[in-house]
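Here the structure is laid out as structure tokens; the discussion comes afterwards.
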Amino acid sequence: MKKTILRAVTLALLLLLALLTISPLLFLASGSLTGGGELSKSLGPILYGGDDYAGWKLLPLYPTLRHFVEVLLDSPEFFQMFWNTVKLTAGVLAGQILFATTSAWGLARYRFPGRRQVYLLYIILMMMPFQVTMLSQYLVLDRLGLYDSLWAVIWPGAFSTFSVFLMFRFFEGIPESILEAARIDGAGEFAIFLRLGLPLGAPGILSALVLQFLEMWSMIEQPVTFLKTKSLWPLSLYLPEIGLEQAGLALCASCLAVLPALLVFGIGQEYLEQGIMAAAVKE
Amino acid sequence: MKRSNRKRALWGWLFVLPGFTGVLVFYLVPFLDVVRRSFLNAMGGGFVGVSNYRSVLENEAFRLAARNTLRFALVCLPLLLLLSLVLAVLLQSLLTLPARQHPGILKAARLVKSAYLVPLAVPAASIVLLWRLVFDARGLLNGWIHSLGGEGADWMHTGAAFGVLVFSYLWKNTGYDVVLWLAGLSAVPQELYEAARVDGANRVMCFFKITLPCIRPMAVTIIIISFLNSFKVFREAYLVAGNYPQDNIYLLQHLFNNWFRELSMDKMAAGAVLLSMCILALVLLLEKSWNGAGRE
């Protein structure tokens, strides 16, 4: 009996905190469905000052999809920025599929001179915050004539060492006997990578891609530094530009920006968790 | 045999080479160039010794930003670690229940874990508007506080901005750390608990005598990863408050951005090298803790 009560209390507490955690999304969703008049009335104190405080109704009196229509049909810049985000994310992920998988495979499955040093270098680079690499990236991008183009964000991202490290952790766990058996059957090294390495290491590759997708989808520092032309900006720079006077529009655009990330999160949550753990726990 | 070994080594390098070339071009070589520049004059490029470093270390803005970044980590890390550990222990106690007898509780517990992870998927840019509405002087939070009879604050334009940033960091990272603690907790051998219970130990004793010592190696890793993640809180700070935020949340990344706009390459170079040294020390510490854990 005492145990049952204890369990119920624990669960209630955890659920309450879970609700608090996702509440910003609930606010976002309800706000995006609220009509313009109702919204400016409840947000009036923030916009025009006064002695009152802003209020918020979780369930709008007159729910409407008008703002969504406005974003989707009447804001060409939203599409432009959405498309930019897609291009940046797709470019980086494609680069990692090419470069990170091969690098990780080479480091995990072969012994060669310099291997340990390369591995350590990758770990060090992976931990460096953007402040450290900002100037060096700028210098090389400027020299290559890539500054202020989408490539300025894509190329450095494609060689991000974090993904190499994550995939390495998973490739490392494949039993050598399987690869040996394939070698005895006469398979070439590259065929082994394609036919055995990629499928067996798929959870690791997916973990890295899910984490990288979420990272790219919300990236701020790189585009702010390397993209001067506004028409190249990703969504993450465009959203804060919308003023509070257009709160309805901004809330809808924010909602639409979260959706793809939530979708990837929903599908890839298992891989996300595996990725978080693999990056921290050494087996 | 010898020949096949050599061939294998060659294959290793072949696999690593394409990616490694990119790392050299975009990260390593330009960073070495930055190290070189940190000893040069910004304009003509004459050798100036450590004077760039001196001017960075004496720079008021650098001191403020470094102090804030460090203070942020010192306030956030204990909070985050404690909060996520408590949540992980509670979750673990539900997740380890026998599935057959408590299918409902188990399902709810998994759902809770997912909910804690959701903020990882929410781009900072999407919540920035909401943060502005909540933390405005006439905003929602003050409205709630007021209706409860309390006195609000001008959250974004006073020292309280620091608190907003701490909240954002906790909101974003708690789920990440809960997953890590859960991994650590599930690695504790169950027999230890059974043996202790036979000897008459209660839950609290079990926690302090068995659980804590067992997850200590994990703690080092979590601390370092959480510290490195704390650099990313700049996103929220930047989006909510722009380039020149309230003094308490002026972080290193703000400073670097401002130097970048002013083209103070010399200061940026010296600052980057200084920061990289600190991070390098941490990474080597992490490496050591990993290797230590492997030996146990």
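For the structure tokens, the naming scheme is as follows: chains receive sequential letters (A, B, ...) according to their order of presentation, residues are indexed from 1 within each chain, and ligands are indexed from 1 in presentation order.
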
Counting only C-alpha atoms, which residues of stretch 34-121 of chain A sit at most 7 Å from some atom of stretch 138-162 of chain A, and what is each one's closest atom pair with its distance in Å to one decimal, listed by chain and rising residue number, as a Markdown table?
```
| residue | atom | partner | partner_atom | distance |
| --- | --- | --- | --- | --- |
| A:Leu88 | CA | A:Ile154 | CA | 5.9 |
| A:Gly91 | CA | A:Ile154 | CA | 5.8 |
| A:Val92 | CA | A:Ala158 | CA | 4.5 |
| A:Leu93 | CA | A:Ala158 | CA | 6.7 |
| A:Gly95 | CA | A:Ala158 | CA | 4.5 |
| A:Gln96 | CA | A:Ala158 | CA | 5.1 |
| A:Phe99 | CA | A:Phe159 | CA | 6.9 |
```

Interface list for chain A, partner chain B, 6 Å threshold, only C-alpha atoms, as a ChimeraX atom specification: /A:18,45-46,53-55,99,102-103,106,110-112,132,136,156,159,214,218,236,254,258,261-262,277

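Picture a line from atom CA of B:Lys288 to atom CA of B:Ala187; it runs 20.2 Å.
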
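Using only C-alpha atoms, the nearest neighbour of B:Tyr244 within the list B:Ala153, B:Glu191, B:Ser264, B:Ala65 is B:Ala65.
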
Pick out the residues sitting within 9 Å of A:Val210, and hand them over as a list of chain:residue names; count only C-alpha atoms, and ignore anything fewer than 6 positions along from it in its own chain.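 Once the adjacent positions are removed, what remains is A:Val264, A:Phe265, A:Gly268, A:Gln269, A:Tyr271, A:Leu272, A:Gly275.
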
Which residues, written as a list in words, have at least one atom at most 12 Å from B:Ala195, with only C-alpha atoms counted and residues fewer than 6 positions away on the same chain left out? Pro189, Ala201, Asn202, Cys206 and Ile210 of chain B

Saved selection, atoms kept: N, CA, C and O atoms, as a PDB file, in the first residue's frame:
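Output saved as result04.pdb:
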```
ATOM      1  N   PRO B 189      25.278  -2.938 -10.958  1.00  0.00           N
ATOM      2  CA  PRO B 189      24.828  -4.334 -10.846  1.00  0.00           C
ATOM      3  C   PRO B 189      23.719  -4.490  -9.804  1.00  0.00           C
ATOM      4  O   PRO B 189      23.869  -4.033  -8.670  1.00  0.00           O
ATOM      5  N   ALA B 201      19.992  -2.987   4.694  1.00  0.00           N
ATOM      6  CA  ALA B 201      20.137  -1.582   4.314  1.00  0.00           C
ATOM      7  C   ALA B 201      18.829  -1.054   3.740  1.00  0.00           C
ATOM      8  O   ALA B 201      18.126  -1.782   3.047  1.00  0.00           O
ATOM      9  N   ASN B 202      18.510   0.207   4.027  1.00  0.00           N
ATOM     10  CA  ASN B 202      17.293   0.782   3.446  1.00  0.00           C
ATOM     11  C   ASN B 202      17.633   1.525   2.154  1.00  0.00           C
ATOM     12  O   ASN B 202      18.791   1.614   1.748  1.00  0.00           O
ATOM     13  N   CYS B 206      21.237   2.574   0.532  1.00  0.00           N
ATOM     14  CA  CYS B 206      21.627   1.973  -0.748  1.00  0.00           C
ATOM     15  C   CYS B 206      22.094   3.047  -1.723  1.00  0.00           C
ATOM     16  O   CYS B 206      23.096   2.891  -2.416  1.00  0.00           O
ATOM     17  N   ILE B 210      25.855   2.619  -2.507  1.00  0.00           N
ATOM     18  CA  ILE B 210      26.040   1.832  -3.727  1.00  0.00           C
ATOM     19  C   ILE B 210      25.911   2.689  -4.981  1.00  0.00           C
ATOM     20  O   ILE B 210      26.840   2.801  -5.780  1.00  0.00           O
TER      21      ILE B 210
END
```

Give the helix (DSSP H, G or I) residues of stretch 65-230 of chain B, as assigned by DSSP on the backbone, as a PyMOL selection string. chain B and resi 65-95+103-121+124-135+140-147+161-186+190-198+203-230

Interatomic distance, atom CA of B:Pro213 to atom CA of B:Ser186 (Å, one decimal):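 Taking atom CA of B:Pro213 and atom CA of B:Ser186, their separation equals 13.7 Å.
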
What is the distance, in Å and to one decimal place, between atom CA of B:Leu81 and atom CA of A:Gln274? 19.9 Å

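Counting only C-alpha atoms, the residue from B:Leu192, B:Ala99, B:Val166, B:Ile215 that sits nearest to B:Val75 is B:Val166.
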